[in-house]
file protein-v2.txt (compact mmCIF, C-alpha atoms and all ligand atoms)
# COMPACT_ATOMS: atom_id res chain seq x y z
CA MET A 1 29.38 -18.63 53.84
CA ASN A 2 31.02 -19.29 50.55
CA LYS A 3 33.27 -16.34 49.87
CA LYS A 4 36.03 -16.12 47.27
CA THR A 5 39.44 -16.41 48.87
CA VAL A 6 42.87 -15.23 47.72
CA LYS A 7 43.36 -18.64 46.12
CA ASP A 8 40.48 -17.91 43.74
CA LEU A 9 42.28 -14.82 42.40
CA ASP A 10 44.84 -14.70 39.62
CA VAL A 11 47.25 -12.26 41.25
CA LYS A 12 50.41 -12.54 39.16
CA GLY A 13 51.59 -9.09 38.13
CA LYS A 14 48.46 -7.52 39.62
CA LYS A 15 48.24 -4.74 42.17
CA VAL A 16 46.34 -6.14 45.13
CA LEU A 17 44.97 -3.79 47.78
CA VAL A 18 44.74 -5.63 51.10
CA ARG A 19 42.83 -4.41 54.15
CA VAL A 20 44.67 -5.81 57.16
CA ASP A 21 44.21 -5.24 60.87
CA PHE A 22 47.38 -3.50 62.03
CA ASN A 23 45.52 -1.76 64.85
CA VAL A 24 48.21 -2.91 67.27
CA PRO A 25 48.73 -1.78 70.87
CA LEU A 26 51.71 0.58 71.09
CA SER A 27 54.20 0.49 73.93
CA LYS A 28 53.56 3.05 76.67
CA GLU A 29 57.21 3.02 77.80
CA GLU A 30 59.03 3.12 74.49
CA LYS A 31 57.73 5.51 71.86
CA GLY A 32 57.28 4.00 68.40
CA LYS A 33 57.48 0.41 69.64
CA ILE A 34 54.74 -2.18 69.25
CA ALA A 35 53.59 -3.77 72.52
CA ASP A 36 52.02 -6.84 70.93
CA ASP A 37 52.61 -7.97 67.34
CA THR A 38 49.93 -10.71 67.26
CA ARG A 39 47.80 -8.89 64.70
CA ILE A 40 50.73 -8.28 62.35
CA LYS A 41 51.79 -11.91 62.56
CA ALA A 42 48.22 -13.00 61.85
CA ALA A 43 48.26 -11.09 58.55
CA ILE A 44 51.58 -12.53 57.33
CA PRO A 45 50.21 -15.72 55.65
CA THR A 46 48.00 -13.71 53.29
CA ILE A 47 50.71 -11.13 52.59
CA ASN A 48 53.27 -13.86 51.85
CA TYR A 49 50.90 -15.83 49.64
CA LEU A 50 50.18 -12.76 47.51
CA SER A 51 53.81 -11.70 47.32
CA GLU A 52 55.08 -15.21 46.52
CA ASN A 53 52.51 -15.47 43.75
CA GLY A 54 53.80 -12.33 42.08
CA ALA A 55 51.35 -9.70 43.27
CA LYS A 56 52.27 -6.13 44.07
CA VAL A 57 50.85 -5.99 47.57
CA ILE A 58 49.41 -2.70 48.88
CA LEU A 59 48.52 -2.93 52.57
CA MET A 60 46.18 -0.58 54.39
CA SER A 61 44.91 -0.43 57.96
CA HIS A 62 43.67 1.91 60.61
CA LEU A 63 45.44 2.46 63.93
CA GLY A 64 43.59 3.91 66.90
CA ARG A 65 41.18 6.80 66.47
CA PRO A 66 42.79 9.82 64.80
CA LYS A 67 39.23 11.07 64.18
CA GLY A 68 39.56 11.85 60.49
CA GLU A 69 42.73 13.93 60.47
CA ALA A 70 46.43 13.35 60.04
CA ASN A 71 47.92 12.97 63.51
CA PRO A 72 51.49 11.68 63.99
CA GLU A 73 50.42 10.02 67.24
CA PHE A 74 48.50 7.50 65.14
CA ALA A 75 50.95 7.18 62.25
CA LEU A 76 51.59 3.63 61.03
CA LYS A 77 55.35 4.26 61.23
CA PRO A 78 55.88 1.74 64.08
CA VAL A 79 54.22 -0.94 61.95
CA ALA A 80 56.23 0.14 58.91
CA ASP A 81 59.46 -0.19 60.93
CA TYR A 82 58.38 -3.67 62.01
CA LEU A 83 57.65 -4.74 58.42
CA GLU A 84 60.87 -3.19 57.14
CA ASN A 85 62.74 -5.25 59.69
CA PHE A 86 60.79 -8.36 58.69
CA TYR A 87 60.81 -8.04 54.88
CA GLY A 88 63.90 -5.89 54.28
CA GLY A 89 64.13 -4.27 50.84
CA GLN A 90 61.00 -6.06 49.67
CA PHE A 91 58.97 -3.61 51.77
CA ARG A 92 58.15 0.08 51.24
CA PHE A 93 56.24 2.52 53.43
CA ILE A 94 54.26 5.05 51.36
CA PRO A 95 52.82 7.48 53.92
CA SER A 96 50.79 10.56 53.10
CA PRO A 97 48.61 12.72 55.34
CA GLU A 98 45.93 12.24 52.67
CA VAL A 99 46.52 8.45 52.60
CA VAL A 100 46.15 8.58 48.81
CA ASP A 101 47.52 11.45 46.70
CA GLU A 102 49.37 11.87 43.40
CA LYS A 103 52.72 11.04 44.98
CA VAL A 104 51.33 7.86 46.55
CA LYS A 105 49.86 6.84 43.18
CA GLU A 106 53.23 7.37 41.53
CA GLU A 107 55.07 5.35 44.19
CA VAL A 108 52.53 2.53 43.91
CA SER A 109 52.92 2.45 40.12
CA LYS A 110 56.64 1.82 40.60
CA LEU A 111 56.13 -1.32 42.69
CA GLU A 112 57.55 -4.53 41.31
CA ASP A 113 55.97 -7.97 41.40
CA GLY A 114 56.30 -9.44 44.89
CA GLN A 115 56.92 -6.10 46.58
CA ILE A 116 54.92 -5.11 49.64
CA ALA A 117 53.84 -1.56 50.42
CA LEU A 118 51.96 0.03 53.31
CA LEU A 119 49.76 3.13 53.10
CA GLU A 120 49.20 5.56 56.00
CA ASN A 121 46.44 5.14 58.62
CA THR A 122 43.12 5.03 56.74
CA ARG A 123 41.41 6.90 59.58
CA TYR A 124 43.44 10.01 58.76
CA ARG A 125 40.53 10.53 56.39
CA ALA A 126 37.14 11.41 57.84
CA GLU A 127 35.43 9.55 54.96
CA GLU A 128 36.89 6.23 56.10
CA THR A 129 34.44 5.48 58.90
CA LYS A 130 31.54 6.97 56.89
CA ASN A 131 32.25 4.67 53.96
CA GLY A 132 32.71 7.80 51.82
CA GLU A 133 32.54 7.04 48.10
CA GLU A 134 35.30 9.45 47.05
CA PHE A 135 37.85 7.96 49.42
CA ALA A 136 36.85 4.42 48.45
CA LYS A 137 37.37 5.36 44.78
CA GLU A 138 40.80 6.85 45.53
CA LEU A 139 41.87 3.69 47.35
CA ALA A 140 40.48 1.43 44.64
CA SER A 141 42.26 3.44 41.93
CA LEU A 142 45.57 2.15 43.30
CA ALA A 143 44.87 -1.51 42.52
CA ASP A 144 43.36 -4.20 40.29
CA LEU A 145 42.06 -6.48 43.04
CA TYR A 146 40.92 -6.18 46.65
CA VAL A 147 41.43 -8.59 49.55
CA ASN A 148 39.88 -8.16 52.98
CA ASP A 149 41.79 -9.86 55.78
CA ALA A 150 40.85 -7.51 58.64
CA PHE A 151 38.34 -9.53 60.61
CA GLY A 152 38.51 -7.11 63.54
CA THR A 153 36.82 -4.31 61.55
CA SER A 154 34.54 -6.45 59.39
CA HIS A 155 31.51 -5.57 61.55
CA ARG A 156 31.85 -1.98 60.34
CA ALA A 157 31.01 -0.66 56.86
CA HIS A 158 34.00 1.55 56.10
CA ALA A 159 35.55 2.87 52.86
CA SER A 160 38.58 0.57 53.16
CA ASN A 161 36.51 -2.59 53.42
CA VAL A 162 32.94 -2.23 52.13
CA GLY A 163 33.63 0.77 49.86
CA VAL A 164 36.55 -0.71 47.92
CA ALA A 165 34.88 -4.15 47.75
CA SER A 166 32.01 -2.58 45.83
CA ILE A 167 34.46 -1.27 43.21
CA LEU A 168 37.18 -3.93 42.75
CA PRO A 169 36.97 -7.71 42.24
CA SER A 170 37.32 -9.07 45.76
CA ALA A 171 38.19 -11.99 48.01
CA VAL A 172 38.86 -12.70 51.68
CA GLY A 173 42.32 -13.48 53.05
CA PHE A 174 43.33 -16.57 55.00
CA LEU A 175 42.57 -14.98 58.37
CA ILE A 176 38.94 -14.16 57.57
CA GLU A 177 38.60 -17.47 55.73
CA LYS A 178 39.49 -19.34 58.94
CA GLU A 179 37.28 -17.12 61.11
CA ILE A 180 34.19 -17.75 59.01
CA GLU A 181 34.98 -21.39 58.39
CA VAL A 182 35.42 -22.42 62.03
CA MET A 183 32.87 -20.09 63.62
CA GLY A 184 30.47 -20.48 60.71
CA LYS A 185 30.45 -24.25 61.04
CA ALA A 186 29.93 -24.06 64.79
CA LEU A 187 26.87 -21.88 64.27
CA GLU A 188 25.45 -23.61 61.18
CA SER A 189 26.13 -27.31 61.67
CA PRO A 190 27.88 -27.98 64.99
CA ASP A 191 28.77 -31.40 66.32
CA HIS A 192 26.87 -32.12 69.54
CA PRO A 193 26.98 -31.86 72.49
CA PHE A 194 27.49 -28.14 71.89
CA VAL A 195 28.45 -26.27 75.06
CA SER A 196 28.73 -22.50 75.31
CA ILE A 197 30.43 -20.72 78.18
CA LEU A 198 29.37 -17.13 78.68
CA GLY A 199 30.82 -14.62 81.08
CA GLY A 200 32.28 -11.14 81.15
CA ALA A 201 31.00 -8.10 82.88
CA LYS A 202 27.48 -7.44 81.72
CA VAL A 203 24.33 -9.24 80.63
CA SER A 204 23.54 -6.26 78.40
CA ASP A 205 26.72 -6.86 76.35
CA LYS A 206 25.81 -10.48 75.76
CA ILE A 207 22.05 -10.52 75.15
CA GLY A 208 22.46 -10.96 71.40
CA VAL A 209 24.93 -13.82 71.85
CA ILE A 210 22.71 -15.65 74.34
CA GLU A 211 19.63 -15.23 72.16
CA ASN A 212 21.42 -16.60 69.10
CA LEU A 213 23.12 -19.50 70.87
CA ILE A 214 20.05 -20.53 72.82
CA THR A 215 18.57 -22.06 69.65
CA LYS A 216 21.75 -23.96 68.79
CA VAL A 217 23.49 -25.26 71.90
CA ASP A 218 22.76 -28.05 74.37
CA THR A 219 24.24 -26.36 77.44
CA ILE A 220 25.06 -22.80 78.47
CA LEU A 221 27.47 -22.27 81.36
CA ILE A 222 27.18 -18.78 82.81
CA GLY A 223 29.95 -17.21 84.87
CA GLY A 224 31.51 -13.75 85.19
CA GLY A 225 29.79 -10.61 86.37
CA MET A 226 26.67 -11.33 84.34
CA ALA A 227 25.86 -14.45 86.37
CA TYR A 228 24.80 -12.39 89.39
CA THR A 229 21.93 -10.66 87.59
CA PHE A 230 20.59 -14.13 86.75
CA LEU A 231 21.11 -15.33 90.32
CA LYS A 232 19.48 -12.24 91.84
CA ALA A 233 16.50 -12.64 89.49
CA MET A 234 16.15 -16.18 90.81
CA GLY A 235 15.95 -14.84 94.34
CA LYS A 236 19.54 -15.31 95.55
CA GLU A 237 21.35 -12.84 97.80
CA ILE A 238 24.32 -11.55 95.76
CA GLY A 239 25.73 -8.94 98.16
CA GLN A 240 27.66 -6.21 96.35
CA SER A 241 28.20 -8.29 93.21
CA LEU A 242 27.64 -6.78 89.77
CA LEU A 243 23.91 -6.33 89.15
CA GLU A 244 21.94 -4.94 86.25
CA GLU A 245 18.58 -4.46 87.84
CA ASP A 246 16.90 -3.59 84.57
CA LYS A 247 18.04 -6.90 83.09
CA MET A 248 16.57 -9.15 85.77
CA ASP A 249 13.29 -9.74 83.92
CA LEU A 250 15.20 -10.46 80.75
CA SER A 251 17.36 -13.04 82.57
CA LEU A 252 14.22 -14.88 83.66
CA GLU A 253 12.87 -14.72 80.13
CA LEU A 254 16.11 -16.16 78.77
CA MET A 255 15.94 -18.98 81.32
CA LYS A 256 12.40 -19.73 80.13
CA LYS A 257 13.47 -19.64 76.51
CA ALA A 258 16.28 -22.05 77.30
CA LYS A 259 13.85 -24.42 78.92
CA ALA A 260 11.53 -24.26 75.92
CA ASN A 261 14.51 -25.11 73.68
CA GLU A 262 15.62 -27.89 76.04
CA VAL A 263 18.85 -26.05 76.68
CA GLU A 264 20.44 -26.61 80.07
CA ILE A 265 21.68 -23.44 81.81
CA LEU A 266 24.18 -23.79 84.65
CA LEU A 267 25.02 -20.92 87.00
CA PRO A 268 27.78 -20.71 89.64
CA ILE A 269 27.26 -22.92 92.71
CA ASP A 270 30.17 -21.37 94.61
CA VAL A 271 32.10 -18.12 94.27
CA VAL A 272 35.22 -16.23 95.35
CA ILE A 273 34.26 -13.14 97.36
CA ALA A 274 36.13 -10.07 98.57
CA ASP A 275 35.59 -6.53 99.86
CA LYS A 276 36.82 -4.89 96.70
CA ILE A 277 38.40 -5.44 93.28
CA GLU A 278 42.06 -5.11 94.19
CA ALA A 279 45.19 -7.24 94.04
CA GLY A 280 46.21 -8.56 97.45
CA VAL A 281 42.78 -8.34 99.12
CA ASP A 282 41.57 -11.13 101.41
CA THR A 283 39.37 -13.59 99.56
CA GLU A 284 37.05 -16.34 100.64
CA ILE A 285 35.27 -19.16 98.84
CA VAL A 286 31.59 -19.52 99.72
CA ASP A 287 28.59 -21.45 98.44
CA ILE A 288 26.20 -19.47 96.28
CA ASP A 289 23.63 -19.27 99.10
CA SER A 290 26.16 -17.68 101.48
CA ILE A 291 27.29 -14.43 99.84
CA PRO A 292 27.38 -11.86 102.69
CA GLU A 293 25.57 -8.60 102.09
CA ASP A 294 28.78 -6.53 102.19
CA LYS A 295 30.90 -8.70 99.87
CA GLU A 296 31.30 -8.92 96.11
CA ALA A 297 31.60 -12.15 94.08
CA LEU A 298 34.54 -11.74 91.73
CA ASP A 299 35.19 -15.25 90.42
CA ILE A 300 33.49 -18.63 90.18
CA GLY A 301 34.57 -21.05 92.91
CA PRO A 302 36.40 -24.38 92.49
CA LYS A 303 33.21 -26.49 92.59
CA THR A 304 31.71 -24.43 89.78
CA ALA A 305 34.95 -24.65 87.80
CA GLU A 306 34.87 -28.43 88.15
CA LEU A 307 31.21 -28.60 87.14
CA PHE A 308 31.90 -26.46 84.07
CA ALA A 309 35.05 -28.47 83.18
CA ASP A 310 33.01 -31.70 83.30
CA LYS A 311 30.49 -30.32 80.83
CA ILE A 312 33.31 -29.12 78.56
CA LYS A 313 34.95 -32.55 78.70
CA ASP A 314 31.90 -34.24 77.18
CA ALA A 315 31.34 -31.65 74.47
CA LYS A 316 32.10 -31.90 70.73
CA THR A 317 31.78 -28.16 70.12
CA VAL A 318 32.64 -25.44 72.64
CA VAL A 319 32.21 -21.71 72.19
CA TRP A 320 33.55 -19.47 74.93
CA ASN A 321 32.92 -15.77 75.31
CA GLY A 322 33.59 -13.79 78.45
CA PRO A 323 35.91 -14.42 81.43
CA MET A 324 34.55 -16.21 84.52
CA GLY A 325 35.84 -13.57 86.90
CA VAL A 326 38.06 -10.51 87.19
CA PHE A 327 40.87 -12.48 85.53
CA GLU A 328 43.14 -9.43 85.30
CA ILE A 329 43.75 -9.81 89.05
CA LYS A 330 45.46 -13.01 90.16
CA GLU A 331 43.17 -13.56 93.15
CA PHE A 332 40.17 -13.76 90.82
CA SER A 333 41.72 -15.50 87.81
CA ASN A 334 41.43 -19.12 88.88
CA GLY A 335 37.96 -19.81 87.45
CA THR A 336 38.89 -18.37 84.06
CA ASN A 337 42.15 -20.34 84.03
CA GLU A 338 40.40 -23.60 84.93
CA VAL A 339 37.89 -23.14 82.11
CA ALA A 340 40.78 -22.29 79.76
CA LYS A 341 42.51 -25.52 80.80
CA ALA A 342 39.35 -27.54 80.24
CA LEU A 343 39.11 -26.14 76.72
CA ALA A 344 42.78 -26.87 76.06
CA GLU A 345 42.40 -30.47 77.18
CA SER A 346 39.17 -31.05 75.28
CA GLU A 347 39.01 -33.02 72.01
CA ALA A 348 36.13 -30.81 70.87
CA VAL A 349 36.24 -28.01 68.34
CA THR A 350 37.00 -25.14 70.70
CA ILE A 351 36.35 -21.52 69.81
CA VAL A 352 37.15 -18.45 71.88
CA GLY A 353 35.63 -15.10 70.92
CA GLY A 354 35.85 -11.68 72.56
CA GLY A 355 38.83 -9.46 73.26
CA ASP A 356 39.20 -10.17 76.97
CA SER A 357 38.58 -13.91 76.60
CA ALA A 358 41.27 -14.11 73.92
CA LEU A 359 43.62 -12.21 76.23
CA ALA A 360 42.84 -14.61 79.10
CA ILE A 361 43.68 -17.63 76.91
CA GLU A 362 46.89 -15.96 75.86
CA MET A 363 47.83 -15.10 79.47
CA ALA A 364 47.23 -18.75 80.41
CA GLY A 365 49.65 -19.76 77.62
CA LEU A 366 47.03 -22.07 76.07
CA LYS A 367 46.34 -20.35 72.76
CA ASP A 368 47.99 -23.12 70.71
CA LYS A 369 45.69 -25.74 72.25
CA ILE A 370 42.48 -24.04 71.12
CA THR A 371 41.00 -24.77 67.68
CA HIS A 372 40.33 -21.11 67.02
CA VAL A 373 40.89 -17.94 69.01
CA SER A 374 39.06 -15.23 67.13
CA THR A 375 41.14 -12.17 66.31
CA GLY A 376 38.23 -9.74 66.46
CA GLY A 377 36.67 -8.54 69.71
CA GLY A 378 33.53 -6.73 68.56
CA ALA A 379 33.46 -8.57 65.23
CA SER A 380 33.52 -12.02 66.83
CA LEU A 381 30.71 -10.99 69.19
CA GLU A 382 28.56 -9.83 66.29
CA PHE A 383 29.38 -13.06 64.43
CA LEU A 384 28.27 -15.08 67.47
CA GLU A 385 25.13 -12.95 67.58
CA GLY A 386 24.37 -14.27 64.10
CA LYS A 387 24.63 -10.81 62.53
CA ASP A 388 25.87 -10.13 59.02
CA LEU A 389 29.33 -8.61 59.03
CA PRO A 390 29.26 -5.95 56.25
CA GLY A 391 33.00 -6.24 55.52
CA ILE A 392 32.52 -9.92 54.73
CA THR A 393 29.10 -9.68 53.08
CA ALA A 394 30.63 -7.16 50.63
CA ILE A 395 33.10 -9.77 49.32
CA GLU A 396 32.15 -11.72 46.18
CA ASP A 397 30.71 -15.19 46.59
CA LYS A 398 32.48 -18.15 45.02
P1 LIG B 1 35.05 -10.25 76.18
O1 LIG B 1 35.94 -9.08 75.85
O2 LIG B 1 35.77 -11.54 76.14
O3 LIG B 1 33.78 -10.23 75.37
P2 LIG B 1 33.85 -8.81 78.39
O4 LIG B 1 34.43 -7.56 77.88
O5 LIG B 1 32.39 -9.01 78.27
O6 LIG B 1 34.62 -10.07 77.71
O7 LIG B 1 34.17 -8.99 79.93
C1 LIG B 1 35.46 -8.91 80.47
C2 LIG B 1 35.46 -8.17 81.78
O8 LIG B 1 34.53 -8.72 82.69
C3 LIG B 1 36.81 -8.26 82.43
O9 LIG B 1 37.38 -6.97 82.49
C4 LIG B 1 36.52 -8.81 83.83
O10 LIG B 1 37.26 -8.18 84.84
C5 LIG B 1 35.04 -8.52 83.98
N1 LIG B 1 34.41 -9.43 84.97
C6 LIG B 1 34.34 -10.75 84.92
N2 LIG B 1 33.74 -11.26 86.02
C7 LIG B 1 33.44 -10.22 86.81
C8 LIG B 1 32.81 -10.08 88.09
N3 LIG B 1 32.41 -11.14 88.77
N4 LIG B 1 32.66 -8.85 88.58
C9 LIG B 1 33.08 -7.77 87.88
N5 LIG B 1 33.66 -7.83 86.68
C10 LIG B 1 33.85 -9.03 86.13
MG MG B 2 35.86 -7.00 76.43

call {"tool": "encode", "arguments": {"input": "protein-v2.txt", "output": "structure tokens"}}
result
Amino acid sequence: MNKKTVKDLDVKGKKVLVRVDFNVPLSKEEKGKIADDTRIKAAIPTINYLSENGAKVILMSHLGRPKGEANPEFALKPVADYLENFYGGQFRFIPSPEVVDEKVKEEVSKLEDGQIALLENTRYRAEETKNGEEFAKELASLADLYVNDAFGTSHRAHASNVGVASILPSAVGFLIEKEIEVMGKALESPDHPFVSILGGAKVSDKIGVIENLITKVDTILIGGGMAYTFLKAMGKEIGQSLLEEDKMDLSLELMKKAKANEVEILLPIDVVIADKIEAGVDTEIVDIDSIPEDKEALDIGPKTAELFADKIKDAKTVVWNGPMGVFEIKEFSNGTNEVAKALAESEAVTIVGGGDSALAIEMAGLKDKITHVSTGGGASLEFLEGKDLPGITAIEDK
């Protein structure tokens, strides 16, 4: 993928409309406070580059699902407060229930070079998620250039990404540039051995990823809830573990496909079992052939973790999507943490995609030791599935 980036634009004195991902989690205890500012921080390099190079920066984002109408519950005010605190007088919030109106246009026209402004939640307008032409035109009318740096929504064709990109000269920001550079290389021309670790709850969520990776990788390590559908299909007793009965045939087909592609698939050889998914329950480690009928496997066992870590150690490229167990609960987090550690210690190019997997890496405090933790949940999955992301496709090529 050879997309124009902000560095290919002459931004001095220009109004640059930037789609960022400020869809941040808000604090449940303290109204108007941001619970996690990772996404804002991730957008700062692009914002600073534009501002330092003399652009008038106009930021836009969605927040939550206001369903196409102005709703103070989803106002970007908490983000505006954060940016005001961060940039001081250089920053201006220009909110309107219409997102763009005459007053907003006037305020934008008063911006000085280097100033940074934020519009109101783009999903206050019903046209946003329908990629409505009128709304896209209104947004585009505010600026000379468009930059997309919201990877997390790039798998959707909305007015604020695809719509405006079809009107204004466009480029990607640093965040999207890194996403497509690192993940793109892994999928197009990876260094081998290429190992992929797949987990998470369901096979059905990951079919596309498995099918795409099966033609590219050397080894697939399967853990998480999805492993038990594979194991059951192979004739194992899985007790009360997660099962998608209608995906058993598909699992066997995927195993066959892997074999035809000379891809090695490894499944758990031991597991952590319990009566129920609950903190504080009694747990037991058993071999994969010894899951009792009334128990549920909720994490990979230590032997499996070691087996997986060994494979990761020898790899040159590692792509991980999906936790190995119910990592949210301490009793079932060990397998996920061990795999996270193996990635952190590896010399390979390591990539983590998926919302929960990214969270698990963060919780383990190992984010800095991973080559790339993708910032988009759904978007990184679709990227790993080999799909075109419309928000990126819409940007001009170099
Ligand atoms: P990602 O967001 O990284 O793509 P998923 O959403 O597919 O990952 O899966 C994450 C969820 O899978 C977590 O909530 C976790 O609790 C659940 N999970 C993992 N292993 C199991 C298991 N053995 N049984 C039930 N749920 C599991
Ligand atoms: Mg998830």

call {"tool": "closest_residue", "arguments": {"input": "protein-v2.txt", "among": "A:Asp368, A:Glu362, A:Glu396, A:Glu347", "to": "Ser166 in chain A", "atoms": "only C-alpha atoms"}}
result
A:Glu396

call {"tool": "residues_around", "arguments": {"input": "protein-v2.txt", "residues": "Asp287 in chain A", "least_positions_apart": "2", "cutoff": "8 Å", "atoms": "all atoms listed in the file", "output": "PyMOL selection string"}}
result
chain A and resi 269-271+285+289-291

call {"tool": "closest_residue", "arguments": {"input": "protein-v2.txt", "among": "A:Lys316, A:Lys202, A:Lys259, A:Lys7", "to": "ligand MG 2 (chain B)", "atoms": "all atoms listed in the file"}}
result
A:Lys202

call {"tool": "closest_residue", "arguments": {"input": "protein-v2.txt", "among": "A:Thr304, A:Glu181, A:Lys4, A:Gly225", "to": "Lys206 in chain A", "atoms": "all atoms listed in the file"}}
result
A:Gly225

call {"tool": "residues_near_ligand", "arguments": {"input": "protein-v2.txt", "ligand": "ligand MG 2 (chain B)", "cutoff": "12 Å", "atoms": "all atoms listed in the file", "output": "PyMOL selection string"}}
result
chain A and resi 199-202+205-206+224+321-323+326-328+353-360+376-381

call {"tool": "closest_residue", "arguments": {"input": "protein-v2.txt", "among": "A:Ser374, A:Thr317, A:Thr219, A:Ser241", "to": "ligand LIG 1 (chain B)", "atoms": "only C-alpha atoms and all ligand atoms"}}
result
A:Ser241

call {"tool": "closest_residue", "arguments": {"input": "protein-v2.txt", "among": "A:Phe174, A:Phe194, A:Phe383, A:Tyr228", "to": "ligand LIG 1 (chain B)", "atoms": "only C-alpha atoms and all ligand atoms"}}
result
A:Tyr228

call {"tool": "closest_residue", "arguments": {"input": "protein-v2.txt", "among": "A:Asn148, A:Ser204, A:Thr283, A:Asn53", "to": "Gly114 in chain A", "atoms": "all atoms listed in the file"}}
result
A:Asn53

call {"tool": "atom_distance", "arguments": {"input": "protein-v2.txt", "atom1": "CA of Thr393 in chain A", "atom2": "CA of Val20 in chain A"}}
result
16.6 Å

call {"tool": "residues_around", "arguments": {"input": "protein-v2.txt", "residues": "Ile58 in chain A", "least_positions_apart": "3", "cutoff": "7 Å", "atoms": "all atoms listed in the file", "output": "list of chain:residue names"}}
result
A:Val16, A:Leu17, A:Val18, A:Ile116, A:Ala117, A:Leu118

call {"tool": "axis_aligned_box", "arguments": {"input": "protein-v2.txt", "around": "ligand LIG 1 (chain B)", "padding_each_side": "6 Å", "output": "lines of an AutoDock Vina configuration file"}}
result
center_x = 34.9
center_y = -9.3
center_z = 82.1
size_x = 17.0
size_y = 16.6
size_z = 25.4

call {"tool": "residues_around", "arguments": {"input": "protein-v2.txt", "residues": "Lys311 in chain A", "least_positions_apart": "4", "cutoff": "10 Å", "atoms": "all atoms listed in the file", "output": "list in words"}}
result
Pro193, Phe194, Val195, Ser196, Ile197, Thr219, Ile220, Leu221, Leu266, Glu306, Leu307, Ala315, Val318 and Ala342 of chain A

call {"tool": "atom_distance", "arguments": {"input": "protein-v2.txt", "atom1": "CA of Ala70 in chain A", "atom2": "CA of Pro45 in chain A"}}
result
29.6 Å

call {"tool": "residues_near_point", "arguments": {"input": "protein-v2.txt", "point": "(34.9, -17.1, 92.5)", "cutoff": "8 Å", "atoms": "all atoms listed in the file", "output": "PDB file with C-alpha atoms, keeping the file's coordinate frame"}}
result
ATOM      1  CA  ASP A 270      30.170 -21.370  94.610  1.00  0.00           C
ATOM      2  CA  VAL A 271      32.100 -18.120  94.270  1.00  0.00           C
ATOM      3  CA  VAL A 272      35.220 -16.230  95.350  1.00  0.00           C
ATOM      4  CA  ILE A 273      34.260 -13.140  97.360  1.00  0.00           C
ATOM      5  CA  ILE A 285      35.270 -19.160  98.840  1.00  0.00           C
ATOM      6  CA  ALA A 297      31.600 -12.150  94.080  1.00  0.00           C
ATOM      7  CA  LEU A 298      34.540 -11.740  91.730  1.00  0.00           C
ATOM      8  CA  ASP A 299      35.190 -15.250  90.420  1.00  0.00           C
ATOM      9  CA  ILE A 300      33.490 -18.630  90.180  1.00  0.00           C
ATOM     10  CA  GLY A 301      34.570 -21.050  92.910  1.00  0.00           C
ATOM     11  CA  PRO A 302      36.400 -24.380  92.490  1.00  0.00           C
ATOM     12  CA  GLY A 325      35.840 -13.570  86.900  1.00  0.00           C
ATOM     13  CA  PHE A 332      40.170 -13.760  90.820  1.00  0.00           C
ATOM     14  CA  ASN A 334      41.430 -19.120  88.880  1.00  0.00           C
ATOM     15  CA  GLY A 335      37.960 -19.810  87.450  1.00  0.00           C
TER      16      GLY A 335
END

call {"tool": "atom_distance", "arguments": {"input": "protein-v2.txt", "atom1": "CA of Leu231 in chain A", "atom2": "CA of Glu284 in chain A"}}
result
19.0 Å

call {"tool": "residues_near_point", "arguments": {"input": "protein-v2.txt", "point": "(44.5, -20.3, 81.6)", "cutoff": "6 Å", "atoms": "only C-alpha atoms", "output": "ChimeraX atom specification"}}
result
/A:337,340-341,361,364

call {"tool": "residues_around", "arguments": {"input": "protein-v2.txt", "residues": "Lys41 in chain A", "least_positions_apart": "6", "cutoff": "12 Å", "atoms": "all atoms listed in the file", "output": "list in words"}}
result
Val20, Asp21, Phe22, Val24, Ile47, Asn48, Val79, Tyr82, Leu83, Phe86, Leu175 and Thr375 of chain A
